[in-house]
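Have a look at coords.txt below; it lists compact mmCIF, C-alpha atoms.
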```txt
# COMPACT_ATOMS: atom_id res chain seq x y z
CA MET J 370 84.92 145.48 139.89
CA PRO J 371 81.34 145.28 141.29
CA LEU J 372 79.88 141.77 141.31
CA PHE J 373 76.81 143.03 139.51
CA VAL J 374 78.89 143.75 136.38
CA TYR J 375 79.74 140.04 136.19
CA VAL J 376 76.06 139.17 136.63
CA LEU J 377 75.28 141.38 133.65
CA SER J 378 78.06 139.69 131.69
CA LEU J 379 76.44 136.29 132.31
CA ALA J 380 73.20 137.55 130.80
CA VAL J 381 75.09 139.06 127.84
CA PHE J 382 76.72 135.66 127.32
CA ALA J 383 73.32 133.98 127.03
CA GLN J 384 72.04 136.67 124.67
CA GLY J 385 75.20 136.59 122.56
CA THR J 386 74.83 132.83 122.23
CA SER J 387 71.31 133.32 120.92
CA GLU J 388 72.44 135.95 118.42
CA PHE J 389 75.28 133.94 116.90
CA MET J 390 74.12 130.32 117.24
CA LEU J 391 71.75 130.62 114.28
CA ALA J 392 74.71 130.39 111.91
CA GLY J 393 75.10 126.70 112.80
CA LEU J 394 71.38 125.90 112.95
CA VAL J 395 70.17 127.23 109.58
CA PRO J 396 70.15 123.87 107.70
CA ASP J 397 68.28 122.13 110.53
CA ILE J 398 65.69 124.92 110.78
CA ALA J 399 65.19 124.93 107.00
CA HIS J 400 64.61 121.16 106.94
CA ASP J 401 62.35 121.05 109.99
CA LEU J 402 60.10 123.94 108.90
CA SER J 403 60.18 123.02 105.17
CA ILE J 404 61.56 126.39 104.09
CA SER J 405 64.52 127.41 101.94
CA VAL J 406 67.98 127.83 103.39
CA SER J 407 67.98 131.50 102.41
CA ALA J 408 64.72 132.03 104.31
CA ALA J 409 66.19 130.37 107.39
CA ALA J 410 69.33 132.47 107.05
CA SER J 411 67.19 135.63 107.09
CA LEU J 412 66.61 134.97 110.80
CA THR J 413 70.15 136.22 111.42
CA SER J 414 69.54 139.47 109.52
CA ALA J 415 66.24 139.94 111.35
CA TYR J 416 68.06 139.75 114.66
CA ALA J 417 70.69 142.30 113.65
CA VAL J 418 68.11 144.77 112.34
CA GLY J 419 66.05 144.30 115.51
CA MET J 420 69.11 145.20 117.57
CA VAL J 421 69.67 148.44 115.62
CA VAL J 422 66.05 149.55 115.81
CA GLY J 423 65.41 148.26 119.29
CA ALA J 424 68.31 149.91 121.13
CA PRO J 425 67.18 153.56 121.05
CA VAL J 426 63.48 152.74 121.29
CA THR J 427 63.71 150.44 124.31
CA ALA J 428 66.27 152.68 126.02
CA ALA J 429 63.96 155.69 125.66
CA LEU J 430 60.85 153.79 126.80
CA SER J 431 62.62 152.41 129.88
CA ALA J 432 64.60 155.57 130.68
CA ARG J 433 62.68 156.37 133.86
CA TRP J 434 62.42 152.80 135.14
CA PRO J 435 64.73 151.69 137.93
CA ARG J 436 67.59 149.88 136.24
CA PRO J 437 67.04 146.54 138.07
CA ARG J 438 63.41 146.54 136.92
CA ALA J 439 64.37 147.38 133.33
CA LEU J 440 67.09 144.71 133.22
CA ALA J 441 64.84 142.05 134.76
CA GLY J 442 61.96 142.94 132.45
CA PHE J 443 64.05 142.73 129.30
CA LEU J 444 65.65 139.47 130.40
CA ALA J 445 62.30 137.89 131.33
CA ALA J 446 60.91 138.85 127.92
CA PHE J 447 64.00 137.31 126.29
CA VAL J 448 63.25 134.00 128.04
CA VAL J 449 59.60 134.07 126.97
CA VAL J 450 60.30 134.68 123.26
CA HIS J 451 62.82 131.83 123.24
CA VAL J 452 60.27 129.46 124.74
CA VAL J 453 57.78 130.52 122.06
CA GLY J 454 60.46 130.08 119.38
CA ALA J 455 61.30 126.60 120.64
CA LEU J 456 57.64 125.53 120.54
CA THR J 457 56.46 127.02 117.25
CA THR J 458 56.15 125.13 113.98
CA ASP J 459 55.39 128.30 112.00
CA PHE J 460 58.27 130.16 110.33
CA ALA J 461 56.47 133.52 110.54
CA VAL J 462 56.13 133.11 114.31
CA LEU J 463 59.78 132.10 114.61
CA PHE J 464 60.79 135.14 112.54
CA GLY J 465 58.76 137.36 114.84
CA THR J 466 60.37 135.87 117.94
CA ARG J 467 63.84 136.63 116.54
CA ILE J 468 62.92 140.28 116.02
CA ALA J 469 61.35 140.44 119.50
CA ALA J 470 64.41 138.77 121.05
CA ALA J 471 66.70 141.26 119.33
CA ILE J 472 64.67 144.24 120.53
CA VAL J 473 64.70 143.16 124.17
CA ASN J 474 68.36 142.12 123.86
CA ALA J 475 69.15 145.64 122.61
CA GLY J 476 67.22 147.13 125.50
CA PHE J 477 69.03 144.96 128.03
CA LEU J 478 72.45 145.72 126.57
CA SER J 479 71.79 149.46 126.43
CA VAL J 480 70.75 149.60 130.07
CA ALA J 481 73.50 147.16 131.12
CA MET J 482 76.28 149.26 129.56
CA SER J 483 75.00 152.41 131.24
CA ALA J 484 74.64 150.58 134.56
CA ALA J 485 78.09 148.99 134.39
CA THR J 486 79.90 152.25 133.70
CA SER J 487 77.92 154.13 136.36
CA LEU J 488 78.81 151.54 139.02
CA ALA J 489 82.54 151.51 138.24
CA ALA J 490 85.03 154.17 139.32
CA PRO J 491 85.95 156.57 136.48
CA ALA J 492 89.36 154.95 135.99
CA ARG J 493 87.76 151.50 135.71
CA GLN J 494 84.81 152.28 133.44
CA ALA J 495 86.61 150.92 130.38
CA ARG J 496 87.34 147.75 132.35
CA ALA J 497 83.63 147.47 133.23
CA THR J 498 82.72 147.76 129.55
CA ALA J 499 85.28 145.08 128.69
CA VAL J 500 83.94 142.70 131.36
CA LEU J 501 80.42 143.19 130.03
CA LEU J 502 81.43 142.61 126.41
CA SER J 503 83.49 139.56 127.40
CA GLY J 504 80.12 137.82 127.66
CA VAL J 505 79.75 138.27 123.89
CA THR J 506 83.21 136.87 123.18
CA LEU J 507 82.65 133.90 125.49
CA SER J 508 79.45 133.15 123.60
CA CYS J 509 81.59 132.77 120.47
CA VAL J 510 84.06 130.49 122.28
CA VAL J 511 81.60 128.33 124.22
CA GLY J 512 78.00 129.19 123.46
CA VAL J 513 77.99 129.00 119.66
CA PRO J 514 79.85 125.67 119.40
CA ALA J 515 77.66 124.29 122.19
CA GLY J 516 74.54 125.41 120.32
CA ALA J 517 75.82 123.69 117.18
CA LEU J 518 76.45 120.48 119.12
CA LEU J 519 72.96 120.57 120.64
CA GLY J 520 71.56 120.98 117.15
CA ASP J 521 73.54 117.95 115.97
CA TRP J 522 72.68 115.78 118.95
CA TYR J 523 69.00 116.74 119.25
CA ASP J 524 67.57 119.49 117.06
CA TRP J 525 67.61 123.27 116.75
CA ARG J 526 64.86 123.62 119.35
CA ALA J 527 67.18 122.24 122.02
CA ALA J 528 69.48 125.21 121.48
CA PHE J 529 66.57 127.62 122.04
CA TRP J 530 65.58 125.81 125.24
CA ALA J 531 69.20 125.96 126.42
CA VAL J 532 69.40 129.73 125.92
CA ALA J 533 66.15 130.22 127.84
CA ALA J 534 67.45 128.05 130.69
CA LEU J 535 70.80 129.88 130.72
CA CYS J 536 69.02 133.20 131.25
CA LEU J 537 67.21 132.02 134.39
CA PRO J 538 70.14 132.19 136.85
CA ALA J 539 71.10 135.60 135.45
CA LEU J 540 67.50 136.75 135.93
CA ALA J 541 67.50 135.56 139.53
CA LEU J 542 70.83 137.27 140.20
CA VAL J 543 69.61 140.55 138.73
CA PHE J 544 66.83 140.54 141.32
CA ARG J 545 69.11 139.54 144.18
CA SER J 546 72.36 141.40 143.56
CA ALA J 547 71.39 144.70 141.93
CA PRO J 548 73.02 147.43 144.06
CA ALA J 549 71.19 150.55 145.11
CA GLY J 550 73.51 152.61 142.93
CA SER J 551 72.16 150.94 139.82
CA THR J 552 68.89 152.89 139.94
CA ARG J 553 68.15 155.61 137.45
CA PRO J 554 69.01 159.27 137.97
CA HIS J 555 66.00 161.23 139.24
CA GLU J 556 66.04 163.83 136.48
CA ILE J 557 66.13 162.49 132.94
CA SER J 558 65.32 164.51 129.84
CA ILE J 559 65.04 162.32 126.76
CA LYS J 560 65.00 165.37 124.50
CA ARG J 561 68.23 166.65 126.00
CA GLU J 562 69.86 163.24 125.71
CA VAL J 563 68.80 162.93 122.07
CA ARG J 564 70.48 166.30 121.44
CA VAL J 565 73.71 164.78 122.73
CA LEU J 566 73.55 162.36 119.80
CA LYS J 567 73.82 165.33 117.42
CA ALA J 568 77.17 166.42 118.85
CA ARG J 569 80.05 165.77 116.47
CA PRO J 570 82.30 163.96 119.00
CA VAL J 571 79.51 161.45 119.68
CA GLN J 572 78.75 160.92 116.00
CA VAL J 573 82.43 160.47 115.16
CA ALA J 574 82.97 157.96 117.98
CA MET J 575 79.87 156.01 116.92
CA ALA J 576 80.94 155.99 113.27
CA LEU J 577 84.40 154.71 114.17
CA ALA J 578 82.96 151.93 116.33
CA ALA J 579 80.51 150.97 113.55
CA VAL J 580 83.25 150.79 110.89
CA VAL J 581 85.54 148.63 113.03
CA ASN J 582 82.67 146.30 113.95
CA GLY J 583 81.64 146.16 110.31
CA ALA J 584 85.14 144.96 109.48
CA THR J 585 84.87 142.33 112.20
CA PHE J 586 81.56 140.85 111.07
CA ALA J 587 82.26 141.07 107.35
CA THR J 588 84.75 138.24 107.84
CA PHE J 589 83.10 136.52 110.81
CA ALA J 590 79.94 135.94 108.75
CA TYR J 591 82.00 134.10 106.14
CA LEU J 592 84.48 132.21 108.31
CA ALA J 593 82.58 128.94 107.97
CA VAL J 594 82.51 128.98 104.15
CA ILE J 595 86.11 130.22 103.99
CA ALA J 596 87.08 127.18 106.06
CA THR J 597 85.19 124.68 103.90
CA ASP J 598 85.47 126.23 100.42
CA VAL J 599 88.81 128.04 100.55
CA ALA J 600 90.88 126.08 103.08
CA ARG J 601 89.10 122.82 102.12
CA LEU J 602 88.52 121.87 105.74
CA PRO J 603 85.77 119.41 106.73
CA GLY J 604 82.60 120.85 108.21
CA GLU J 605 83.55 119.43 111.61
CA ALA J 606 86.42 121.94 111.77
CA VAL J 607 84.13 124.99 111.62
CA PRO J 608 83.21 125.08 115.34
CA GLY J 609 86.92 124.94 116.19
CA LEU J 610 87.67 127.86 113.88
CA LEU J 611 84.83 129.91 115.36
CA ALA J 612 86.09 129.03 118.83
CA ALA J 613 89.62 130.16 117.87
CA PHE J 614 88.22 133.51 116.73
CA GLY J 615 86.18 133.79 119.92
CA ALA J 616 89.13 132.85 122.15
CA GLY J 617 91.21 135.56 120.53
CA ALA J 618 88.32 138.00 120.99
CA PHE J 619 88.09 137.17 124.70
CA VAL J 620 91.81 137.74 125.19
CA GLY J 621 91.60 141.01 123.25
CA VAL J 622 88.67 142.36 125.25
CA THR J 623 90.30 141.39 128.55
CA ALA J 624 93.64 142.95 127.61
CA ALA J 625 91.97 146.14 126.38
CA GLY J 626 90.00 146.49 129.61
CA ARG J 627 93.10 146.08 131.76
CA ALA J 628 95.12 148.48 129.63
CA ALA J 629 92.38 151.10 129.83
CA THR J 630 92.62 151.25 133.61
CA ARG J 631 96.22 152.45 133.23
CA THR J 632 95.42 155.28 130.80
CA SER J 633 93.28 158.35 131.11
CA GLY J 634 90.66 159.62 128.73
CA HIS J 635 91.61 163.19 129.59
CA THR J 636 94.50 165.48 128.75
CA GLY J 637 96.86 166.85 131.35
CA ASP J 638 94.73 169.99 131.89
CA GLY J 639 91.60 167.93 132.53
CA ARG J 640 89.95 168.33 129.10
CA LEU J 641 88.41 165.36 127.33
CA ARG J 642 90.64 164.00 124.60
CA HIS J 643 89.55 164.35 121.00
CA PRO J 644 87.32 161.35 120.20
CA LEU J 645 89.69 160.35 117.38
CA ALA J 646 92.94 161.09 119.19
CA PRO J 647 94.90 157.83 119.56
CA ARG J 648 95.50 156.63 123.10
CA PRO J 649 98.48 154.52 124.05
CA GLY J 650 98.08 151.12 122.44
CA LEU J 651 94.85 151.90 120.57
CA GLY J 652 96.57 153.72 117.71
CA LEU J 653 99.09 150.93 117.20
CA ALA J 654 96.41 148.22 117.34
CA LEU J 655 94.21 150.11 114.91
CA TRP J 656 97.07 150.48 112.42
CA ALA J 657 97.72 146.74 112.71
CA LEU J 658 94.08 145.83 112.08
CA PRO J 659 93.86 146.34 108.26
CA VAL J 660 97.30 144.74 107.84
CA GLY J 661 96.11 141.70 109.75
CA TRP J 662 92.95 141.37 107.64
CA ALA J 663 94.99 141.63 104.44
CA VAL J 664 97.40 138.95 105.65
CA LEU J 665 94.47 136.71 106.61
CA ALA J 666 93.02 137.10 103.11
CA LEU J 667 96.33 136.00 101.62
CA VAL J 668 96.90 132.98 103.89
CA SER J 669 93.31 131.77 104.40
CA ALA J 670 93.76 128.85 102.00
CA HIS J 671 96.13 127.22 104.49
CA PRO J 672 94.37 125.68 107.52
CA THR J 673 97.08 126.41 110.12
CA THR J 674 97.51 130.06 109.19
CA LEU J 675 93.73 130.44 108.89
CA PHE J 676 93.30 129.37 112.51
CA ILE J 677 96.15 131.57 113.72
CA GLY J 678 94.97 134.56 111.71
CA ALA J 679 91.39 134.16 112.94
CA ALA J 680 92.54 134.14 116.57
CA VAL J 681 94.81 137.17 116.11
CA GLN J 682 92.18 139.19 114.25
CA GLY J 683 89.54 138.23 116.79
CA GLY J 684 91.77 139.63 119.52
CA LEU J 685 92.58 142.85 117.68
CA SER J 686 89.02 143.45 116.51
CA PHE J 687 87.26 142.94 119.82
CA GLY J 688 89.99 144.65 121.83
CA ILE J 689 89.72 147.75 119.66
CA GLY J 690 85.94 147.44 119.52
CA SER J 691 85.51 147.41 123.31
CA THR J 692 87.80 150.45 123.60
CA LEU J 693 85.71 152.32 121.03
CA VAL J 694 82.47 151.35 122.78
CA ASN J 695 83.85 152.85 125.97
CA ARG J 696 84.76 155.98 123.99
CA VAL J 697 81.16 156.32 122.80
CA MET J 698 79.95 155.99 126.38
CA ARG J 699 82.49 158.57 127.54
CA VAL J 700 81.80 161.30 124.99
CA ALA J 701 78.05 160.74 125.52
CA SER J 702 78.37 160.80 129.32
CA ASN J 703 75.76 163.58 129.55
CA ALA J 704 73.18 161.14 128.18
CA PRO J 705 73.21 158.58 131.04
CA ALA J 706 69.96 156.90 129.96
CA LEU J 707 70.68 156.65 126.23
CA SER J 708 74.47 156.44 125.97
CA GLY J 709 74.33 152.65 126.12
CA SER J 710 71.85 152.64 123.23
CA PHE J 711 74.20 154.87 121.20
CA ALA J 712 76.96 152.29 121.61
CA THR J 713 74.59 149.40 120.84
CA VAL J 714 73.39 151.08 117.65
CA ALA J 715 76.99 151.70 116.54
CA LEU J 716 78.00 148.07 117.10
CA ASN J 717 74.99 146.55 115.38
CA THR J 718 75.01 148.98 112.47
CA GLY J 719 78.46 147.60 111.72
CA ALA J 720 77.22 144.05 112.26
CA VAL J 721 74.51 144.60 109.62
CA LEU J 722 76.50 146.56 107.03
CA GLY J 723 79.72 144.53 107.20
CA PRO J 724 78.19 141.23 106.03
CA LEU J 725 76.11 143.07 103.41
CA LEU J 726 79.26 144.60 101.89
CA ALA J 727 81.02 141.26 102.14
CA GLY J 728 78.12 139.57 100.36
CA ALA J 729 78.28 142.10 97.55
CA ALA J 730 82.03 141.61 97.18
CA THR J 731 81.88 137.82 97.15
CA GLY J 732 78.98 137.91 94.72
CA VAL J 733 81.04 139.93 92.25
CA THR J 734 84.31 138.04 92.66
CA GLY J 735 82.97 134.55 93.32
CA ASP J 736 85.69 134.23 95.97
CA TYR J 737 84.80 134.15 99.67
CA ARG J 738 88.15 135.76 100.47
CA GLY J 739 86.56 138.95 99.16
CA ALA J 740 84.85 139.22 102.56
CA VAL J 741 88.24 139.47 104.26
CA TRP J 742 89.35 142.16 101.80
CA VAL J 743 86.20 144.10 102.71
CA SER J 744 87.31 143.86 106.35
CA ALA J 745 90.73 145.20 105.39
CA GLY J 746 89.15 148.11 103.52
CA LEU J 747 86.82 149.03 106.37
CA ALA J 748 89.64 148.84 108.91
CA ALA J 749 91.79 151.05 106.68
CA THR J 750 88.94 153.56 106.61
CA ALA J 751 88.94 153.61 110.42
CA VAL J 752 92.70 154.21 110.43
CA ALA J 753 92.31 157.12 108.00
CA ALA J 754 89.59 158.66 110.17
CA MET J 755 91.77 158.29 113.26
CA ALA J 756 94.72 159.90 111.47
CA VAL J 757 92.63 162.86 110.28
CA GLY J 758 91.30 163.41 113.77
CA HIS J 759 94.81 163.30 115.20
CA LEU J 760 96.05 165.85 112.66
CA ARG J 761 93.19 168.21 113.46
CA THR J 762 93.93 167.97 117.14
CA ALA J 763 97.68 168.46 116.66
CA CYS J 764 97.17 171.51 114.43
CA GLY J 765 94.72 173.05 116.83
CA ARG J 766 92.02 173.40 114.19
CA GLU J 767 89.31 171.90 116.33
CA SER J 768 88.38 172.49 119.93
CA VAL J 769 86.87 169.51 121.62
CA ARG J 770 84.83 169.97 124.74
CA GLU J 771 82.83 167.48 126.73
CA VAL J 772 79.31 167.29 125.30
CA ARG J 773 76.89 169.27 127.43
```

Please express what this file holds, its structure, as C-alpha cells.
Amino acid sequence: MPLFVYVLSLAVFAQGTSEFMLAGLVPDIAHDLSISVSAAASLTSAYAVGMVVGAPVTAALSARWPRPRALAGFLAAFVVVHVVGALTTDFAVLFGTRIAAAIVNAGFLSVAMSAATSLAAPARQARATAVLLSGVTLSCVVGVPAGALLGDWYDWRAAFWAVAALCLPALALVFRSAPAGSTRPHEISIKREVRVLKARPVQVAMALAAVVNGATFATFAYLAVIATDVARLPGEAVPGLLAAFGAGAFVGVTAAGRAATRTSGHTGDGRLRHPLAPRPGLGLALWALPVGWAVLALVSAHPTTLFIGAAVQGGLSFGIGSTLVNRVMRVASNAPALSGSFATVALNTGAVLGPLLAGAATGVTGDYRGAVWVSAGLAATAVAAMAVGHLRTACGRESVREVR
C-alpha cells in the first residue's frame, strides 16, 4: 500500500474527530456562548449538510487542480476555520465555521478517495479505501473521547485547537510525500462525469451505501442517551461505549479491506459484476446487519450486552460501508475526478437522514430504542435491495455494463 494513502488517512482521522467530537461538547458550547442546547446541537447537523452539499461542488471546482495542491488547499482551509472557531465568541460565526469546515472536509475526502484508489493496484483498491476510511473509525475510538476529555479538562475551544494542530503534520506530509502519480488526468470533462452519475448502476450503489450508513448513524447519534436513559449508565461510561463502537468499526473496516483483496469485482468473463450482486462475505454480513440491530434494540437495557452489541454492529456497519464505498468508486470509475464526491455524498446523505428518522421515531414512541429499530429497518431495506438485484442478475433480466 503506498505510504501516501496512510498520510491521507491521518488527515481523515483529524477531520473525522472534528465531525464527531461536537456530540460531547454541546453542553459546554451552549453554556459558554449563552445559547440553548438545541442551538448548539444544530452545529452537528450543519456539518453533515455541509458535507453533502460541499462534496460535488468542491470536487467539480478542483477537478483540474493537481491532486497534491487540492488536498493541501482543502486541509489548510480546514486548519484556518478551526482556528477561527476556537477564537470566536459569536455563535453565528461558529456556525459558519462548521459549515465551511464541512465543505472543505468534503472536498478533501472526495479528492483523497479518488487519489487513493488511483494509486493502488486494481486488486488493492478496496484495501486503499478501507485504509482511508480507517481514519474515520479511529477518530471514533481515539479522537472523539480525547475531544471530550479536553472539553472536560479545559473547555470546548481546546478541542478545536487540538484538531487544528493535528492537521499540521498531515499538511506537511501531503506536500512532502505526494507521489507524481497522484496528479490529475490531463483530460477531464465535468459534463461527462456528471452524466456518469445518471447511470443506474452508480445510482443503485450510492443508494445502497446511503441506506446502510443511515442505519449506522441512526443508532450512533443516540448511543449516548441509550446508555444513560435506557441502560442507566453514568455519563462517564459514554466515552467508553463510543470507543467500543469505534473499535468494532476499525476492526470491520480493516477486515473488509483485507477480504476485498482476495475477491474480484468482475465475473469470470471480465464483465463488471452487477452493483447489487453479493460478493463473498458481503451478502452474509449484510443479512446479519438488520438482525444485529434488532438484537441490540432488545438487549440495550443491559450494560454488558449494550457494549458488546455496539462493538459488533460497529464492525458490521463500517465493514459493509467501506465495501459499498469501494463499489461506488468502481462503478463510477469513468468519473475519476468526481467519483470520490459521489461516494462522499452517499455516505453523508445517510448520516443526515438516519438521525432524522431516528429522531422522528423516538419522538413518537418516547423510547430511545426506537432509533435502533430504525437502524434495523433501514438495514432490512438494504438487504431487500441486494436480494432484488441478485434475482435480476440470476434471471438475466438486466445487462450490466461498465459505465462509459

Worksheet item: Suppose you want the space between CA of Pro514 in chain J and CA of Ser710 in chain J; what is it in Å?
Response: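 Atom-to-atom, CA of Pro514 in chain J and CA of Ser710 in chain J are spaced 28.4 Å apart.
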
Worksheet item: Of the residues J:Val500, J:Ala527, J:Ala461, J:Val505, which is the one nearest to Phe389 in chain J, using only C-alpha atoms?
Response: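 Closest residue, counting only C-alpha atoms: J:Val505.
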
Worksheet item: Which one is closest to Ala587 in chain J: J:Ala408, J:Leu658, J:Ala429, J:Ala730? Count only C-alpha atoms.
Response: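 Among J:Ala408, J:Leu658, J:Ala429, J:Ala730, it is J:Ala730 that comes nearest to Ala587 in chain J.
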
Practice prompt. Find the distance between CA of Leu502 in chain J and CA of Ala568 in chain J and write it in Å to one decimal.
Written response: 25.3 Å

Response to the item:
Judged by only C-alpha atoms, the minimum distance to Ala624 in chain J among J:Phe687, J:Trp434, J:Phe477, J:Tyr523 is found for J:Phe687

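Across J:Leu540, J:Ala578, J:Ala484, J:Ala399, the tightest approach to Phe447 in chain J is made by J:Leu540 when counting all atoms listed in the file.
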
Practice prompt. Just give me the gap between CA of Thr734 in chain J and CA of Pro608 in chain J in Å, one decimal is fine.
Written response: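 Value for the CA of Thr734 in chain J-CA of Pro608 in chain J distance: 26.1 Å.
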
Write out as a tab-separated table the residues of range 580-640 of chain J that have any atom within 9 Å of an atom of range 666-684 of chain J, one row each with the nearest atom pair and its distance in Å to one decimal, counting only C-alpha atoms, sorted by chain and then rising number.
```
residue	atom	partner	partner_atom	distance
J:Thr585	CA	J:Gly683	CA	7.7
J:Phe589	CA	J:Ala679	CA	8.9
J:Leu592	CA	J:Ala679	CA	8.5
J:Ile595	CA	J:Ser669	CA	7.4
J:Ala596	CA	J:Pro672	CA	7.6
J:Asp598	CA	J:Ala670	CA	8.8
J:Val599	CA	J:Ala670	CA	5.2
J:Ala600	CA	J:Ala670	CA	4.1
J:Arg601	CA	J:Ala670	CA	7.6
J:Leu602	CA	J:Pro672	CA	7.2
J:Gly609	CA	J:Phe676	CA	8.6
J:Leu610	CA	J:Phe676	CA	6.0
J:Leu611	CA	J:Ala679	CA	8.2
J:Ala612	CA	J:Ala680	CA	8.5
J:Ala613	CA	J:Ala680	CA	5.1
J:Phe614	CA	J:Ala680	CA	4.4
J:Gly615	CA	J:Gly683	CA	6.4
J:Ala616	CA	J:Ala680	CA	6.7
J:Gly617	CA	J:Gly684	CA	4.2
J:Ala618	CA	J:Gly684	CA	4.1
J:Phe619	CA	J:Gly684	CA	6.8
J:Val620	CA	J:Gly684	CA	6.0
J:Gly621	CA	J:Gly684	CA	4.0
J:Val622	CA	J:Gly684	CA	7.1
J:Ala624	CA	J:Gly684	CA	8.9
```

Pull C-alpha atoms from the residues just selected and write them as a tab-separated table (two decimals), in the frame of the given file.
```
chain	number	residue	atom	x	y	z
J	585	THR	CA	84.87	142.33	112.20
J	589	PHE	CA	83.10	136.52	110.81
J	592	LEU	CA	84.48	132.21	108.31
J	595	ILE	CA	86.11	130.22	103.99
J	596	ALA	CA	87.08	127.18	106.06
J	598	ASP	CA	85.47	126.23	100.42
J	599	VAL	CA	88.81	128.04	100.55
J	600	ALA	CA	90.88	126.08	103.08
J	601	ARG	CA	89.10	122.82	102.12
J	602	LEU	CA	88.52	121.87	105.74
J	609	GLY	CA	86.92	124.94	116.19
J	610	LEU	CA	87.67	127.86	113.88
J	611	LEU	CA	84.83	129.91	115.36
J	612	ALA	CA	86.09	129.03	118.83
J	613	ALA	CA	89.62	130.16	117.87
J	614	PHE	CA	88.22	133.51	116.73
J	615	GLY	CA	86.18	133.79	119.92
J	616	ALA	CA	89.13	132.85	122.15
J	617	GLY	CA	91.21	135.56	120.53
J	618	ALA	CA	88.32	138.00	120.99
J	619	PHE	CA	88.09	137.17	124.70
J	620	VAL	CA	91.81	137.74	125.19
J	621	GLY	CA	91.60	141.01	123.25
J	622	VAL	CA	88.67	142.36	125.25
J	624	ALA	CA	93.64	142.95	127.61
```

Worksheet item: For Gly385 in chain J, which residue out of J:Val563, J:Val594, J:Val422, J:Val532 is the nearest one, using only C-alpha atoms?
Response: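 Residue with the minimum atom-to-atom distance to Gly385 in chain J: J:Val532.
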
Worksheet entry | Shell around Val418 in chain J at 9 Å using all atoms listed in the file, local window under 2 positions removed, as a PyMOL selection string | chain J and resi 413-416+420-423+468+471-472+717-718+721

Give me a file of those residues, with C-alpha atoms, as a short mmCIF file (atom, residue, chain, number, x, y, z; two decimals), in the coordinates of the input.
```cif
data_model
loop_
_atom_site.label_atom_id
_atom_site.label_comp_id
_atom_site.auth_asym_id
_atom_site.auth_seq_id
_atom_site.Cartn_x
_atom_site.Cartn_y
_atom_site.Cartn_z
CA THR J 413 70.15 136.22 111.42
CA SER J 414 69.54 139.47 109.52
CA ALA J 415 66.24 139.94 111.35
CA TYR J 416 68.06 139.75 114.66
CA MET J 420 69.11 145.20 117.57
CA VAL J 421 69.67 148.44 115.62
CA VAL J 422 66.05 149.55 115.81
CA GLY J 423 65.41 148.26 119.29
CA ILE J 468 62.92 140.28 116.02
CA ALA J 471 66.70 141.26 119.33
CA ILE J 472 64.67 144.24 120.53
CA ASN J 717 74.99 146.55 115.38
CA THR J 718 75.01 148.98 112.47
CA VAL J 721 74.51 144.60 109.62
#
```

Item to complete: Find the residues around range 401-406 of chain J up to 10 Å (only C-alpha atoms counted), leave out those fewer than 2 positions away in its own chain, and share them as number ranges by chain.
Response: J: 395-399, 408-411, 457-460, 463, 524-525

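Of the listed residues J:Ile689, J:Ala574, J:Ala469, J:Leu716, the one whose atoms come nearest to Gly626 in chain J is J:Ile689, with distances taken using only C-alpha atoms.
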
Protein/DNA/RNA residues near (80.7, 141.6, 131.7), cut 9 Å, only C-alpha atoms, as an mmCIF file with C-alpha atoms, in the coordinates of the input:
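Result file follows (result02.cif):
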```cif
data_model
loop_
_atom_site.group_PDB
_atom_site.id
_atom_site.type_symbol
_atom_site.label_atom_id
_atom_site.label_comp_id
_atom_site.auth_asym_id
_atom_site.auth_seq_id
_atom_site.Cartn_x
_atom_site.Cartn_y
_atom_site.Cartn_z
ATOM 1 C CA PHE J 373 76.810 143.030 139.510
ATOM 2 C CA VAL J 374 78.890 143.750 136.380
ATOM 3 C CA TYR J 375 79.740 140.040 136.190
ATOM 4 C CA VAL J 376 76.060 139.170 136.630
ATOM 5 C CA LEU J 377 75.280 141.380 133.650
ATOM 6 C CA SER J 378 78.060 139.690 131.690
ATOM 7 C CA LEU J 379 76.440 136.290 132.310
ATOM 8 C CA ALA J 380 73.200 137.550 130.800
ATOM 9 C CA VAL J 381 75.090 139.060 127.840
ATOM 10 C CA PHE J 382 76.720 135.660 127.320
ATOM 11 C CA ALA J 485 78.090 148.990 134.390
ATOM 12 C CA ALA J 497 83.630 147.470 133.230
ATOM 13 C CA THR J 498 82.720 147.760 129.550
ATOM 14 C CA ALA J 499 85.280 145.080 128.690
ATOM 15 C CA VAL J 500 83.940 142.700 131.360
ATOM 16 C CA LEU J 501 80.420 143.190 130.030
ATOM 17 C CA LEU J 502 81.430 142.610 126.410
ATOM 18 C CA SER J 503 83.490 139.560 127.400
ATOM 19 C CA GLY J 504 80.120 137.820 127.660
ATOM 20 C CA VAL J 505 79.750 138.270 123.890
#
```

Item to complete: Considering all atoms listed in the file, return as JSON, numbers by chain whatever protein or nucleic-acid residues lie within 12 Å of Pro538 in chain J, sequence-local ones (same chain, fewer than 2 positions apart) excluded.
Response: {"J": [376, 377, 379, 380, 383, 441, 444, 445, 448, 532, 533, 534, 535, 536, 540, 541, 542, 543, 544, 545, 546]}
